[in-house]
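Peer 1: Can you read through this structure? Questions will come right after.
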Amino acid sequence: MAEASYPSDLSYHEEHDWAQIEGDVATFGITWYAQDQLGEVVFFDPPEVGKAVRRGEPYAEVESVKAVSDVIAPLSGEIVEVNDALSSRPEAINDDPYEGGWMVKVKLADASEVDSLMDADSYQELLT
Amino acid sequence: MAAGTDILKRTPLHDRHVAAGAKLVPFAGWEMPVQYAGIREEHTAVRERVGIFDVSHMGQVETSGPEAEALLQRLLSNDVGAIAPRGAQYSVLCSDDGGVLDDVFSYRLGPDRFLTVTNASNHERGHAWFERHAREFDATVTDRIAEHAMLAVQGPQARAVVGPLAGGELPERFTTAELTVAGVPGVLVCGTGYTGEDGVELLVAPDGAAAVWDAVIAAGAAPVGLAARDTLRLEACFHLYGNDLSEDRGPIEAGLGWCCKEDTGFVGADAVRRARAEGTAEKLVPFALTGPGIARQGNPVVGGGVVSSGTLSPTLGYAIGLAYLPMDRTQPGTPFEIDVRGKTRAAEVRAKPLIPEER
């Protein structure tokens, strides 16, 4: 993905993760900035469905050719779905970080945590 | 190793890297391009066509004088007397107890004049080591790092790209020639490299580096960063100092016994001779993961041993690396397991090199 983009319908965490909130379920992924910093992602180590995730703590690993990085949960809850397609096509995290590159869906434990996330404008300010 | 807050040295090609959109990172006190278009694209360019690397962070030490050869024979593990005029030779520098202080290439520029290329992170220590031993010889040691930029042009088309720019025949593999390249006189062209491909390395005066860089790029070479340099060297099973070599390991266990000629009496030769005769507890071997995951430097091997280098091989599409394994598990085909951050990953010892030589 050549051009930086930060969709306005997503919420952002300072560790460069996004969440798309639909009711009490949120989809998580990493931002354009995060995938650009990583470089080409070559391996996604998914968590298991049913696992609890805590806001601000790692729930998965992504590896570029050079290094491994933790993926941080922007919100707390329980994993209800994992993007299995990333196992065979981890490059989707680079090519399409907000659609094909989604990582997990999480049933949220505490809806009020959502208020702690940034909107796209605030997140982009953080990057400058 | 310089801390991140120190002022980083820049190569004469810094502007070129910025203009090419390189990601620049601190490396051994230098600000170096780690990546341009992308690791895999750059890697493939070198394997299939041709790439150019700025490796000006590499150091050079010149040794000259009537006893220059004798001094190097004392410092370097290989038989320096066997270097032909204009020849090149790989060797290691050992401490008294046989640990590896650096791995270097030495070029014979004249009967009594040699240039030794050191690793960036070891250059100052290496130069001091040369100076210290030079006192016992009629030889002069000179730090030449400031007089050279160093470019590597590597890949199956490397000679076809550099040849027309050079005012003379390119040197054969493991030999050197002083040529005018892209109008820049006095370039030391060396038939060496660190990728497993054919190619040349160019030692050029700093103020001529940009002209050579531009001409090689214009002739079709892709700029390639240090990240792809690492994946390329690992596929070819070339050692990286700081990963696969250190003061805590000797050349025999590192699989570098072939470049150690103990009869020359180099510093550390007694320890190397002992290790060769008695054997070592572990040996460095290439490996591949046979399932998912990527092993990295420092990951422990289950049952003993440690990964010294690991990455995803862009050529093979799976994880490879080098690991120190107990002697009884070093045969190619031997299965073993690596603890990768708490997950057990299946691996297998492979033969060297990890990629086929004929592709």
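By order in the structure tokens, chains are A, B, ...; within a chain, residues start at 1; ligands start at 1, following the order shown.
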Stretch 197-243 of chain B near stretch 96-103 of chain B within 12 Å: what's each residue's closest atom pair and its distance in Å to one decimal, counting only C-alpha atoms, ordered by chain then ascending residue number, as a tab-separated table?

Peer 2:
```
residue	atom	partner	partner_atom	distance
B:Phe238	CA	B:Asp103	CA	10.7
B:His239	CA	B:Asp103	CA	8.5
B:Leu240	CA	B:Asp103	CA	8.5
B:Tyr241	CA	B:Asp102	CA	6.7
B:Gly242	CA	B:Asp102	CA	9.1
B:Asn243	CA	B:Asp102	CA	11.7
```

Peer 1: Skipping near chain neighbours, those fewer than 2 positions away, what residues fall within 6 Å of B:Asp339 using only C-alpha atoms, listed as a list in words?

Peer 2: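 Within the cut-off, the hits are Asn299, Pro300, Gly342, Lys343 and Thr344 of chain B.
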
Peer 1: Taking only C-alpha atoms into account, what are the residues of chain A at most 7 Å from chain B, put as a PyMOL selection string?

Peer 2: chain A and resi 43+65-66

Peer 1: Write the residues of the selection above to a file with N, CA and C atoms, as a PDB file, in the first residue's frame.

Peer 2:
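Written output follows (part-v1.pdb):
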```
ATOM      1  N   PHE A  43       5.017 -13.296   8.224  1.00  0.00           N
ATOM      2  CA  PHE A  43       4.451 -14.336   9.085  1.00  0.00           C
ATOM      3  C   PHE A  43       3.533 -13.694  10.110  1.00  0.00           C
ATOM      4  N   VAL A  65      10.660  -9.632   7.432  1.00  0.00           N
ATOM      5  CA  VAL A  65      11.874 -10.393   7.158  1.00  0.00           C
ATOM      6  C   VAL A  65      12.878 -10.156   8.280  1.00  0.00           C
ATOM      7  N   LYS A  66      12.958  -8.915   8.725  1.00  0.00           N
ATOM      8  CA  LYS A  66      13.998  -8.533   9.680  1.00  0.00           C
ATOM      9  C   LYS A  66      13.699  -8.849  11.137  1.00  0.00           C
TER      10      LYS A  66
END
```

Peer 1: Tell me, in Å to one decimal, how far atom CA of A:Ile79 is from atom CA of A:Leu108.

Peer 2: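 Straight-line distance from atom CA of A:Ile79 to atom CA of A:Leu108 works out to 8.9 Å.
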
Peer 1: To test your reading of the structure, identify every residue in stretch 21-107 of chain B that backbone DSSP assigns to alpha helix (DSSP H), and report it as a ChimeraX atom specification.

Peer 2: /B:39-48,68-75

Peer 1: Based on the selection just made, write C-alpha atoms of those residues as an mmCIF file, in the first residue's frame.

Peer 2:
```cif
data_model
loop_
_atom_site.group_PDB
_atom_site.id
_atom_site.type_symbol
_atom_site.label_atom_id
_atom_site.label_comp_id
_atom_site.auth_asym_id
_atom_site.auth_seq_id
_atom_site.Cartn_x
_atom_site.Cartn_y
_atom_site.Cartn_z
ATOM 1 C CA ILE B 39 13.669 -6.324 1.207
ATOM 2 C CA ARG B 40 12.234 -9.010 -1.028
ATOM 3 C CA GLU B 41 12.327 -6.909 -4.176
ATOM 4 C CA GLU B 42 15.948 -5.888 -3.481
ATOM 5 C CA HIS B 43 16.933 -9.450 -2.602
ATOM 6 C CA THR B 44 15.440 -10.779 -5.822
ATOM 7 C CA ALA B 45 17.163 -8.062 -7.860
ATOM 8 C CA VAL B 46 20.543 -9.358 -6.665
ATOM 9 C CA ARG B 47 19.691 -13.041 -7.163
ATOM 10 C CA GLU B 48 18.252 -12.549 -10.641
ATOM 11 C CA ALA B 68 54.170 -6.223 6.101
ATOM 12 C CA GLU B 69 53.610 -9.811 5.050
ATOM 13 C CA ALA B 70 55.243 -11.125 8.228
ATOM 14 C CA LEU B 71 53.039 -8.870 10.369
ATOM 15 C CA LEU B 72 49.876 -10.057 8.642
ATOM 16 C CA GLN B 73 51.048 -13.658 8.884
ATOM 17 C CA ARG B 74 51.171 -13.089 12.643
ATOM 18 C CA LEU B 75 47.719 -11.444 12.805
#
```

Peer 1: Please provide as a PyMOL selection string all residues within 10 Å of B:Gly257, with the sequence filter that same-chain residues fewer than 3 positions apart are discarded (counting only C-alpha atoms).

Peer 2: chain B and resi 77-78+91-92+250-254+260-262+272-273+275-276

Peer 1: What is the atom CA of B:Glu282 to atom CA of B:Arg125 distance in Å?

Peer 2: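 Computed distance, atom CA of B:Glu282 to atom CA of B:Arg125, equals 27.0 Å.
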
Peer 1: List the spatial neighbours of stretch 87-103 of chain A as a ChimeraX atom specification - criterion: any atom at most 12 Å away, only C-alpha atoms, same-chain residues fewer than 5 positions off excluded.

Peer 2: /A:1-12,16-20,26-49,59-65,71-73,79-82 /B:38,40,292-293,317

Peer 1: Taking the chain letters and numbering used in this document, name the residues of stretch 176-215 of chain B that DSSP puts in strand (DSSP E or B), as a ChimeraX atom specification.

Peer 2: /B:176-181,184-190,199-204

Peer 1: Using only C-alpha atoms, please write the residues we just selected to a file, as a compact mmCIF listing (two decimals), in the first residue's frame.

Peer 2:
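Wrote it out as again-v7.txt, contents follow:
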```txt
# COMPACT_ATOMS: atom_id res chain seq x y z
CA THR B 176 41.86 -7.07 -7.71
CA ALA B 177 42.62 -4.39 -10.30
CA GLU B 178 43.06 -0.64 -10.05
CA LEU B 179 40.85 0.85 -12.74
CA THR B 180 39.11 4.04 -13.78
CA VAL B 181 35.38 3.46 -13.24
CA VAL B 184 36.79 8.12 -11.45
CA PRO B 185 40.47 7.14 -11.47
CA GLY B 186 42.19 4.78 -9.07
CA VAL B 187 39.19 2.64 -8.08
CA LEU B 188 40.28 -0.62 -6.46
CA VAL B 189 38.02 -3.20 -8.07
CA CYS B 190 37.85 -6.50 -6.17
CA GLY B 199 30.13 -9.43 -8.68
CA VAL B 200 32.70 -6.85 -7.65
CA GLU B 201 33.39 -4.60 -4.70
CA LEU B 202 34.66 -1.11 -5.44
CA LEU B 203 36.93 0.87 -3.12
CA VAL B 204 36.71 4.43 -4.32
```

Peer 1: Find the spatial neighbours of A:Tyr123, counting only C-alpha atoms, within a cut-off of 8 Å - ignore same-chain residues fewer than 3 positions away - and output them as a list of chain:residue names.

Peer 2: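 Selected residues are A:Tyr12, A:His13, A:Glu14, A:Met118, A:Asp119, A:Ala120, A:Leu126, A:Leu127.
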